[in-house]
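Chemist: Contents of data-v5.cif (mmCIF, C-alpha atoms):
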```cif
data_target
loop_
_atom_site.label_atom_id
_atom_site.label_comp_id
_atom_site.auth_asym_id
_atom_site.auth_seq_id
_atom_site.Cartn_x
_atom_site.Cartn_y
_atom_site.Cartn_z
CA MET A 82 0.00 0.00 0.00
CA LYS A 83 2.82 2.34 0.93
CA THR A 84 4.67 1.47 -2.30
CA LEU A 85 1.53 2.09 -4.34
CA ARG A 86 1.12 5.48 -2.71
CA ARG A 87 4.75 6.29 -3.44
CA ILE A 88 4.34 5.29 -7.09
CA GLY A 89 1.19 7.43 -7.28
CA PHE A 90 3.09 10.42 -5.94
CA TYR A 91 5.87 9.88 -8.50
CA VAL A 92 3.35 9.64 -11.36
CA ILE A 93 1.67 12.89 -10.27
CA ALA A 94 5.11 14.53 -9.89
CA LEU A 95 6.04 13.44 -13.43
CA VAL A 96 2.76 14.80 -14.82
CA PHE A 97 3.41 18.14 -13.10
CA PHE A 98 6.98 18.19 -14.39
CA VAL A 99 5.93 17.63 -18.02
CA TRP A 100 3.02 20.07 -17.66
CA ALA A 101 5.30 22.83 -16.36
CA VAL A 102 8.26 22.31 -18.66
CA PHE A 103 6.70 21.28 -21.99
CA PRO A 104 5.69 24.74 -23.36
CA PHE A 105 9.15 26.11 -22.59
CA TYR A 106 10.77 23.01 -24.12
CA TYR A 107 8.62 23.38 -27.23
CA ALA A 108 9.63 27.05 -27.54
CA VAL A 109 13.29 25.99 -27.43
CA VAL A 110 12.68 23.25 -30.04
CA THR A 111 10.91 25.75 -32.33
CA SER A 112 13.74 28.25 -31.92
CA LEU A 113 16.10 25.68 -33.48
CA LYS A 114 14.07 25.54 -36.70
CA THR A 115 14.07 27.94 -39.61
CA GLY A 116 11.76 28.75 -42.51
CA PHE A 117 8.78 26.50 -43.10
CA ALA A 118 10.12 23.89 -40.68
CA VAL A 119 8.52 25.88 -37.85
CA MET A 120 5.12 25.08 -39.35
CA THR A 121 5.73 21.34 -38.94
CA PRO A 122 5.09 20.47 -35.31
CA SER A 123 7.51 17.96 -33.85
CA LEU A 124 8.66 17.13 -30.35
CA TRP A 125 12.33 17.55 -31.26
CA PRO A 126 14.18 19.24 -34.14
CA HIS A 127 14.89 16.52 -36.72
CA ALA A 128 18.02 18.11 -38.09
CA PRO A 129 19.09 20.95 -35.85
CA MET A 130 20.41 23.81 -37.95
CA ARG A 131 23.96 24.85 -37.29
CA CYS A 132 24.57 28.46 -38.22
CA ARG A 133 27.63 30.63 -38.34
CA GLY A 134 27.35 33.60 -36.03
CA SER A 135 24.35 34.23 -33.85
CA ALA A 136 20.89 32.69 -33.73
CA PHE A 137 19.78 35.55 -35.98
CA ALA A 138 22.23 34.52 -38.73
CA ASP A 139 20.96 34.36 -42.29
CA ALA A 140 19.55 30.93 -43.21
CA ARG A 141 22.03 30.76 -46.13
CA HIS A 142 24.82 30.41 -43.58
CA CYS A 143 23.20 27.35 -42.04
CA TRP A 144 23.88 23.75 -42.98
CA MET B 162 8.53 47.45 31.65
CA ALA B 163 4.88 48.37 31.43
CA ALA B 164 4.92 49.50 35.05
CA TYR B 165 7.96 51.65 34.28
CA GLU B 166 6.26 53.21 31.26
CA HIS B 167 3.20 54.16 33.24
CA SER B 168 4.98 55.24 36.38
CA PRO B 169 5.38 58.95 37.18
CA ALA B 170 9.14 58.47 36.78
CA ALA B 171 8.66 57.71 33.07
CA ALA B 172 7.06 61.08 32.48
CA HIS B 173 8.92 63.58 30.31
CA PRO B 174 10.05 66.76 32.03
CA GLN B 175 7.45 68.63 29.98
CA GLY B 176 4.70 66.25 31.12
CA MET B 177 4.77 63.87 28.14
CA THR B 178 4.80 60.19 29.03
CA LEU B 179 7.24 57.73 27.43
CA GLN B 180 4.32 55.96 25.77
CA ARG B 181 3.07 59.20 24.23
CA ARG B 182 6.56 60.05 22.95
CA ARG B 183 6.87 56.60 21.43
CA VAL B 184 3.58 57.02 19.57
CA ILE B 185 4.67 60.39 18.20
CA TRP B 186 8.03 59.01 17.04
CA ALA B 187 6.29 56.02 15.47
CA TRP B 188 4.17 58.40 13.38
CA VAL B 189 7.29 60.38 12.46
CA PHE B 190 9.05 57.22 11.25
CA ILE B 191 6.12 55.84 9.23
CA SER B 192 5.20 59.21 7.72
CA PRO B 193 7.58 58.82 4.69
CA VAL B 194 5.87 55.53 3.79
CA LEU B 195 2.45 57.07 4.32
CA LEU B 196 3.34 59.99 2.06
CA ALA B 197 4.69 57.61 -0.61
CA LEU B 198 1.49 55.54 -0.38
CA LEU B 199 -0.64 58.65 -0.72
CA ALA B 200 1.36 59.71 -3.76
CA VAL B 201 1.41 56.38 -5.62
CA ALA B 202 -1.90 54.82 -4.52
CA LEU B 203 -4.38 57.41 -3.38
CA TRP B 204 -3.55 60.25 -5.75
CA PRO B 205 -4.05 58.21 -8.99
CA LEU B 206 -7.30 56.87 -7.52
CA VAL B 207 -8.60 60.34 -6.71
CA ASN B 208 -7.41 61.61 -10.09
CA THR B 209 -9.23 58.79 -11.89
CA PHE B 210 -12.41 59.54 -9.95
CA MET B 211 -12.15 63.25 -10.82
CA THR B 212 -11.58 62.42 -14.50
CA SER B 213 -14.59 60.09 -14.48
CA LEU B 214 -16.78 63.13 -13.77
CA THR B 215 -15.64 64.84 -17.00
CA ASN B 216 -16.08 64.17 -20.71
CA ALA B 217 -12.29 64.24 -21.30
CA SER B 218 -11.15 62.55 -24.49
CA ILE B 219 -7.98 62.25 -26.56
CA SER B 220 -9.50 64.35 -29.35
CA GLY B 221 -11.38 66.82 -27.15
CA GLY B 222 -8.77 67.47 -24.46
CA ALA B 223 -9.42 67.84 -20.73
CA GLY B 224 -13.19 68.22 -21.19
CA HIS B 225 -15.62 69.70 -18.71
CA PHE B 226 -17.63 68.53 -15.71
CA VAL B 227 -20.52 66.24 -16.66
CA GLY B 228 -21.44 64.86 -13.24
CA LEU B 229 -22.23 61.16 -13.04
CA SER B 230 -23.35 60.89 -16.67
CA ASN B 231 -20.36 58.65 -17.56
CA PHE B 232 -21.70 56.19 -15.00
CA LEU B 233 -25.41 56.40 -15.79
CA GLN B 234 -27.65 58.91 -17.49
CA HIS B 235 -31.03 58.98 -19.14
CA THR B 236 -31.12 60.32 -22.68
CA ASP B 237 -33.84 60.54 -25.34
CA SER B 238 -32.69 57.22 -26.73
CA GLY B 239 -32.72 55.50 -23.33
CA TRP B 240 -30.18 54.80 -20.59
CA ALA B 241 -26.49 55.42 -21.31
CA GLY B 242 -23.20 55.22 -19.41
CA VAL B 243 -21.02 52.41 -18.10
CA LEU B 244 -23.71 50.86 -15.90
CA ALA B 245 -26.18 50.75 -18.81
CA SER B 246 -23.68 49.29 -21.26
CA HIS B 247 -24.41 45.72 -22.34
CA GLU B 248 -20.77 45.36 -23.38
CA TRP B 249 -19.62 46.38 -19.87
CA TRP B 250 -21.83 43.80 -18.15
CA ASN B 251 -20.62 41.19 -20.64
CA SER B 252 -17.05 42.01 -19.62
CA VAL B 253 -18.05 41.80 -15.92
CA GLY B 254 -19.53 38.34 -16.59
CA ASN B 255 -16.39 37.22 -18.43
CA THR B 256 -14.19 38.51 -15.60
CA ALA B 257 -16.31 36.77 -12.96
CA LEU B 258 -16.26 33.49 -14.89
CA PHE B 259 -12.52 33.80 -15.51
CA THR B 260 -11.84 34.55 -11.83
CA VAL B 261 -13.98 31.75 -10.40
CA ALA B 262 -12.73 29.13 -12.89
CA THR B 263 -9.02 30.00 -12.74
CA VAL B 264 -8.70 30.69 -9.01
CA GLY B 265 -10.78 27.59 -8.18
CA SER B 266 -8.69 25.35 -10.44
CA GLU B 267 -5.42 26.90 -9.29
CA THR B 268 -6.36 26.32 -5.65
CA VAL B 269 -7.15 22.63 -6.20
CA ILE B 270 -4.17 21.92 -8.51
CA GLY B 271 -1.89 24.11 -6.39
CA MET B 272 -2.85 22.16 -3.28
CA LEU B 273 -2.12 18.85 -5.04
CA LEU B 274 1.22 20.16 -6.29
CA ALA B 275 2.10 21.50 -2.83
CA LEU B 276 1.30 18.10 -1.27
CA VAL B 277 3.57 16.37 -3.81
CA LEU B 278 6.38 18.86 -3.13
CA ASP B 279 5.86 18.50 0.63
CA ALA B 280 6.15 14.70 0.43
CA ASN B 281 9.96 15.08 0.08
CA LEU B 282 10.26 12.48 -2.65
CA ARG B 283 13.62 11.76 -4.22
CA GLY B 284 13.98 14.25 -7.06
CA SER B 285 11.56 16.77 -5.61
CA ARG B 286 14.17 19.56 -5.93
CA PRO B 287 14.23 19.44 -9.76
CA LEU B 288 10.42 19.42 -9.65
CA ARG B 289 10.44 22.51 -7.44
CA ALA B 290 12.69 24.27 -9.94
CA ALA B 291 10.62 23.04 -12.91
CA VAL B 292 7.28 24.24 -11.59
CA LEU B 293 8.73 27.73 -11.26
CA ILE B 294 9.30 27.95 -15.03
CA PRO B 295 5.71 29.00 -15.89
CA TRP B 296 5.79 31.64 -13.16
CA ALA B 297 9.22 32.92 -14.25
CA ILE B 298 8.35 33.41 -17.93
CA PRO B 299 6.81 36.85 -18.65
CA THR B 300 3.06 36.58 -19.32
CA VAL B 301 3.31 38.08 -22.80
CA VAL B 302 5.98 35.52 -23.78
CA SER B 303 4.10 32.54 -22.34
CA SER B 304 0.89 33.75 -24.00
CA GLU B 305 2.70 33.85 -27.36
CA ILE B 306 4.15 30.37 -26.78
CA TRP B 307 0.68 29.00 -26.01
CA THR B 308 -0.86 30.83 -28.98
CA TRP B 309 1.71 29.07 -31.14
CA MET B 310 1.01 25.70 -29.52
CA LEU B 311 -2.79 26.10 -29.82
CA GLN B 312 -2.80 26.97 -33.53
CA GLN B 313 -5.31 25.04 -35.60
CA GLN B 314 -2.82 24.36 -38.37
CA GLY B 315 0.66 23.44 -37.21
CA GLY B 316 -0.11 23.62 -33.48
CA ILE B 317 1.60 20.91 -31.43
CA LEU B 318 -1.42 20.39 -29.15
CA ASN B 319 -3.74 19.49 -32.03
CA THR B 320 -1.04 17.28 -33.60
CA LEU B 321 -0.43 15.36 -30.36
CA MET B 322 -4.16 14.93 -29.70
CA GLN B 323 -4.68 13.66 -33.25
CA GLN B 324 -1.76 11.25 -32.92
CA MET B 325 -3.30 9.92 -29.72
CA HIS B 326 -6.68 9.62 -31.53
CA LEU B 327 -8.33 11.94 -29.01
CA ILE B 328 -9.68 14.15 -31.80
CA SER B 329 -10.33 13.54 -35.50
CA GLN B 330 -10.15 17.16 -36.69
CA PRO B 331 -7.85 19.91 -35.43
CA ILE B 332 -9.60 22.19 -32.93
CA ASP B 333 -9.72 25.93 -33.53
CA TRP B 334 -8.90 26.90 -29.94
CA LEU B 335 -8.49 30.64 -30.38
CA SER B 336 -11.16 31.41 -33.00
CA ASN B 337 -14.04 29.20 -31.88
CA PRO B 338 -16.20 31.48 -29.67
CA ALA B 339 -17.01 28.62 -27.28
CA LEU B 340 -13.36 27.68 -26.75
CA MET B 341 -11.64 31.07 -26.61
CA LEU B 342 -12.23 31.78 -22.92
CA PRO B 343 -11.47 28.19 -21.77
CA ALA B 344 -8.22 28.27 -23.77
CA VAL B 345 -7.13 31.52 -22.15
CA MET B 346 -8.14 30.18 -18.72
CA MET B 347 -6.01 27.08 -19.34
CA VAL B 348 -2.96 29.25 -20.01
CA ASP B 349 -3.60 31.36 -16.91
CA ILE B 350 -3.98 28.22 -14.78
CA TRP B 351 -0.71 26.86 -16.21
CA LYS B 352 1.07 30.11 -15.46
CA THR B 353 -0.12 30.90 -11.94
CA THR B 354 -0.61 27.51 -10.30
CA PRO B 355 3.07 27.48 -9.18
CA PHE B 356 2.52 30.72 -7.26
CA MET B 357 -0.46 29.20 -5.48
CA ALA B 358 1.43 25.94 -4.84
CA LEU B 359 4.43 27.69 -3.32
CA LEU B 360 2.29 29.79 -0.96
CA ILE B 361 0.35 26.68 0.12
CA LEU B 362 3.64 24.76 0.47
CA ALA B 363 4.93 27.47 2.83
CA GLY B 364 1.76 26.97 4.90
CA LEU B 365 2.12 23.17 4.83
CA GLN B 366 5.68 23.33 6.13
CA THR B 367 4.58 25.23 9.23
CA ILE B 368 2.30 22.37 10.35
CA PRO B 369 4.02 20.48 13.21
CA ARG B 370 4.83 16.86 12.26
CA ASP B 371 3.76 15.56 15.68
CA VAL B 372 0.13 16.38 14.80
CA TYR B 373 0.36 13.84 11.96
CA GLU B 374 2.14 11.36 14.21
CA ALA B 375 -0.67 11.64 16.76
CA ALA B 376 -3.27 11.12 14.02
CA SER B 377 -1.34 8.10 12.73
CA VAL B 378 -1.18 6.58 16.24
CA ASP B 379 -4.93 7.09 16.56
CA GLY B 380 -5.43 5.24 13.26
CA VAL B 381 -6.83 8.20 11.30
CA GLY B 382 -6.91 7.56 7.55
CA PRO B 383 -5.18 9.78 4.98
CA LEU B 384 -8.39 11.44 3.72
CA LYS B 385 -9.60 12.28 7.21
CA THR B 386 -6.11 13.53 8.10
CA PHE B 387 -6.20 15.83 5.09
CA PHE B 388 -9.66 17.25 5.76
CA ARG B 389 -9.41 17.44 9.56
CA ILE B 390 -5.74 18.43 10.03
CA THR B 391 -4.00 19.64 6.87
CA LEU B 392 -6.79 21.73 5.37
CA PRO B 393 -7.78 23.66 8.55
CA LEU B 394 -4.15 24.35 9.45
CA VAL B 395 -3.14 25.45 5.95
CA TRP B 396 -6.29 27.56 5.52
CA PRO B 397 -4.76 30.96 6.52
CA ALA B 398 -1.93 30.59 3.96
CA MET B 399 -4.42 29.42 1.37
CA LEU B 400 -6.72 32.37 2.03
CA VAL B 401 -3.86 34.81 1.44
CA ALA B 402 -2.98 33.02 -1.82
CA VAL B 403 -6.63 33.04 -2.95
CA ILE B 404 -6.97 36.78 -2.22
CA PHE B 405 -3.77 37.59 -4.16
CA ARG B 406 -4.82 35.48 -7.10
CA MET B 407 -8.37 36.79 -7.06
CA LEU B 408 -7.15 40.38 -7.25
CA ASP B 409 -4.83 39.39 -10.10
CA ALA B 410 -7.58 37.54 -11.96
CA LEU B 411 -10.08 40.39 -11.58
CA ARG B 412 -7.74 42.78 -13.36
CA VAL B 413 -6.47 40.30 -15.93
CA PHE B 414 -5.41 41.94 -19.18
CA ASP B 415 -2.18 40.71 -20.77
CA VAL B 416 -2.91 37.02 -21.37
CA ILE B 417 -6.32 37.83 -22.89
CA TYR B 418 -5.16 40.76 -25.01
CA VAL B 419 -2.19 38.81 -26.44
CA MET B 420 -4.10 35.60 -27.17
CA THR B 421 -7.44 36.87 -28.44
CA GLY B 422 -7.41 40.69 -28.56
CA ALA B 423 -10.47 42.73 -27.56
CA VAL B 424 -13.32 40.46 -28.64
CA PRO B 425 -16.66 40.09 -26.78
CA GLN B 426 -16.09 36.38 -26.06
CA THR B 427 -13.07 37.04 -23.83
CA GLU B 428 -13.32 40.74 -23.05
CA THR B 429 -12.71 41.37 -19.35
CA MET B 430 -13.17 44.61 -17.41
CA ALA B 431 -9.52 45.63 -17.91
CA VAL B 432 -9.67 44.90 -21.65
CA TYR B 433 -12.93 46.89 -21.91
CA ILE B 434 -11.32 49.86 -20.15
CA GLN B 435 -8.18 49.69 -22.31
CA ASN B 436 -10.31 49.49 -25.44
CA HIS B 437 -12.30 52.60 -24.55
CA LEU B 438 -9.25 54.49 -23.30
CA VAL B 439 -6.79 53.75 -26.12
CA SER B 440 -8.85 52.66 -29.14
CA PHE B 441 -11.79 55.07 -28.69
CA GLY B 442 -9.91 57.78 -26.76
CA GLU B 443 -12.77 58.18 -24.24
CA ILE B 444 -10.73 59.14 -21.17
CA GLY B 445 -13.67 60.22 -19.00
CA TYR B 446 -15.77 57.17 -19.83
CA ALA B 447 -12.83 54.76 -19.33
CA SER B 448 -12.10 56.43 -15.98
CA ALA B 449 -15.73 55.86 -14.93
CA ALA B 450 -15.39 52.18 -15.85
CA SER B 451 -12.14 52.04 -13.84
CA VAL B 452 -13.91 53.48 -10.79
CA VAL B 453 -16.70 50.91 -11.09
CA MET B 454 -14.09 48.14 -11.44
CA PHE B 455 -12.25 49.42 -8.35
CA LEU B 456 -15.48 49.48 -6.33
CA PHE B 457 -16.31 45.90 -7.41
CA MET B 458 -12.87 44.69 -6.36
CA ALA B 459 -12.88 46.59 -3.06
CA LEU B 460 -16.32 45.22 -2.16
CA LEU B 461 -15.36 41.66 -3.08
CA LEU B 462 -12.10 41.87 -1.15
CA ALA B 463 -13.93 43.20 1.93
CA VAL B 464 -16.39 40.30 1.77
CA ILE B 465 -13.60 37.72 1.35
CA ILE B 466 -11.54 39.09 4.24
CA TRP B 467 -14.60 39.39 6.47
CA SER B 468 -15.81 35.85 5.73
CA GLY B 469 -12.27 34.44 6.03
CA ARG B 470 -11.78 36.09 9.40
CA LYS B 471 -15.12 34.76 10.62
CA ARG B 472 -14.15 31.26 9.52
CA LEU B 473 -10.76 31.54 11.20
CA LEU B 474 -12.33 32.73 14.44
CA GLY B 475 -14.84 29.90 14.25
CA GLU B 476 -12.05 27.35 13.88
CA SER B 477 -9.97 28.74 16.68
CA ARG B 478 -12.66 28.13 19.29
#
```
Represent the supplied structure as structure tokens.
Modeler:
Amino acid sequence: MKTLRRIGFYVIALVFFVWAVFPFYYAVVTSLKTGFAVMTPSLWPHAPMRCRGSAFADARHCW
Amino acid sequence: MAAYEHSPAAAHPQGMTLQRRRVIWAWVFISPVLLALLAVALWPLVNTFMTSLTNASISGGAGHFVGLSNFLQHTDSGWAGVLASHEWWNSVGNTALFTVATVGSETVIGMLLALVLDANLRGSRPLRAAVLIPWAIPTVVSSEIWTWMLQQQGGILNTLMQQMHLISQPIDWLSNPALMLPAVMMVDIWKTTPFMALLILAGLQTIPRDVYEAASVDGVGPLKTFFRITLPLVWPAMLVAVIFRMLDALRVFDVIYVMTGAVPQTETMAVYIQNHLVSFGEIGYASAASVVMFLFMALLLAVIIWSGRKRLLGESR
């Protein structure tokens, strides 16, 4: 009974963790995409763009 | 000490007692704060009330005195003014619904989250840090993130729900009139539940552990322990959190304005006032609406504090 309660607490904790972090995580994932790729929802960037310079670098400098 | 203060020996040479001198110095020391409060809190309030009695507008300048006609007046075409405006009462209804739904949900979810954090599970520290993320992100930014996630085409929420076969067609969260307010409420609940949880957690951690030990020895079950021990003892902290959140929810503006703009389905009192002040330039009218909103909030707060105090007194007997 005690173990079940402990597992229940961990499940609720995990749900809260995902609930709190997911929007921020998704914003980070979207920030790694460029162009029309941002219109394709995915849980992780399939091929993270590597750009010279800053995050605001021109897409032509990405590969 | 008290005997010394009230003894003839404590009297000032000019006849002023120590107690009296202390009171005077206390007023001297708090006077800067009082003056600052008068300047930043009372003066804008008085100024708004004075402006609400004029027909000031962006195009017409300071305007002139029109009495209470911004609040309510009878014209040839019927009643006019804030209190006769259908749009105003719609915004009051939206605000009331928003406040009850969000604060109610935040209290329940916040309590659950606080209980999980208070259980001292392994890994509860990362959870504590994680639940602060929604609270730490500026409201405008989190509203934009959620607007992006809730998009009908290309929104991750619709995609995930379709992949899990929960829905067959993508849902238009932010354009469907029936879903706009619930969607905004969901974002507000996500954002402010951590605040509620942390205040309740602070209250939970002040409850002495021996009370639980005594209940455990007496064979009291977990539900009864929660309703008979935890809830009554955490009630003062919870009441403070509910009052803070209620005041926040009653003047909600940013999350609604960013996600849906000024539309009747989600228009709250603050959005209504901003719309009339900035978009229509009706300074006097918007000030009258602000005064009505202030009176609503003051009355509600007085009722909450009065009923909360009564409940607390009742429990302490």
Chemist: Compile the residues of chain B that lie within 12 Å of chain A, evaluated using only C-alpha atoms, and express the compilation as a PyMOL selection string.
Modeler: chain B and resi 270-271+273-299+302-321+324+347-348+350-355+358+383
Chemist: Carefully work through the PyMOL selection byres ((chain B and resi 422) around 12) for this structure and note down the residues it includes, as an MDAnalysis selection string.
Modeler: chainID B and resid 304 308 335:336 341:342 345 414:421 423:429 431:433 435:436
Chemist: List as a list of chain:residue names the protein and nucleic acid residues near Phe226 (chain B), meaning an atom at most 9 Å away when only C-alpha atoms are counted, but skip any in the same chain fewer than 4 places from it.
Modeler: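 So the residues in contact are B:Thr212, B:Leu214, B:Thr215, B:Asn216, B:Ala217.
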Chemist: Quick check, in Å to one decimal: how far apart do CA of Thr386 (chain B) and CA of Val372 (chain B) lie?
Modeler: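 That distance, rounded to one decimal, is 9.6 Å.
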Chemist: Taking into account all atoms listed in the file, which residue in the set B:Met430, B:Ile368, B:Ile328, B:Met454 is nearest to Asn255 (chain B)?
Modeler: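 Going through B:Met430, B:Ile368, B:Ile328, B:Met454 one by one, the smallest distance to Asn255 (chain B) is for B:Met430.
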Chemist: For CA of His247 (chain B) and CA of Ala449 (chain B), quote the distance in Å rounded to one decimal.
Modeler: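 Between these atoms lies a distance of 15.3 Å.
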Chemist: Would you list the residues near (5.3, 25.1, 4.4) (no more than 12 Å away, in the coordinates of the file, using all atoms listed in the file) as a JSON list (two decimals) with C-alpha atoms, in the frame of the given file?
Modeler:
```json
[["chain", "number", "residue", "atom", "x", "y", "z"],
["B", 272, "MET", "CA", -2.85, 22.16, -3.28],
["B", 275, "ALA", "CA", 2.10, 21.50, -2.83],
["B", 276, "LEU", "CA", 1.30, 18.10, -1.27],
["B", 278, "LEU", "CA", 6.38, 18.86, -3.13],
["B", 279, "ASP", "CA", 5.86, 18.50, 0.63],
["B", 280, "ALA", "CA", 6.15, 14.70, 0.43],
["B", 281, "ASN", "CA", 9.96, 15.08, 0.08],
["B", 358, "ALA", "CA", 1.43, 25.94, -4.84],
["B", 359, "LEU", "CA", 4.43, 27.69, -3.32],
["B", 360, "LEU", "CA", 2.29, 29.79, -0.96],
["B", 361, "ILE", "CA", 0.35, 26.68, 0.12],
["B", 362, "LEU", "CA", 3.64, 24.76, 0.47],
["B", 363, "ALA", "CA", 4.93, 27.47, 2.83],
["B", 364, "GLY", "CA", 1.76, 26.97, 4.90],
["B", 365, "LEU", "CA", 2.12, 23.17, 4.83],
["B", 366, "GLN", "CA", 5.68, 23.33, 6.13],
["B", 367, "THR", "CA", 4.58, 25.23, 9.23],
["B", 368, "ILE", "CA", 2.30, 22.37, 10.35],
["B", 369, "PRO", "CA", 4.02, 20.48, 13.21],
["B", 370, "ARG", "CA", 4.83, 16.86, 12.26],
["B", 391, "THR", "CA", -4.00, 19.64, 6.87],
["B", 394, "LEU", "CA", -4.15, 24.35, 9.45],
["B", 395, "VAL", "CA", -3.14, 25.45, 5.95],
["B", 396, "TRP", "CA", -6.29, 27.56, 5.52],
["B", 397, "PRO", "CA", -4.76, 30.96, 6.52],
["B", 398, "ALA", "CA", -1.93, 30.59, 3.96],
["B", 399, "MET", "CA", -4.42, 29.42, 1.37]]
```
Chemist: Report, in Å to a single decimal, how far apart CA of Arg389 (chain B) and CA of Ala376 (chain B) are.
Modeler: 9.9 Å
Chemist: So, counting all atoms listed in the file, which residue among B:Val201, B:Ile466, B:Ala459, B:Ala450 is closest to Gly242 (chain B)?
Modeler: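 Between B:Val201, B:Ile466, B:Ala459, B:Ala450, the residue approaching Gly242 (chain B) most closely is B:Ala450.
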Chemist: Show me, as a ChimeraX atom specification, the residues that have an atom within 6 Å of Val110 (chain A) when counting all atoms listed in the file, minus same-chain residues fewer than 3 positions from it.
Modeler: /A:107,113,125-126
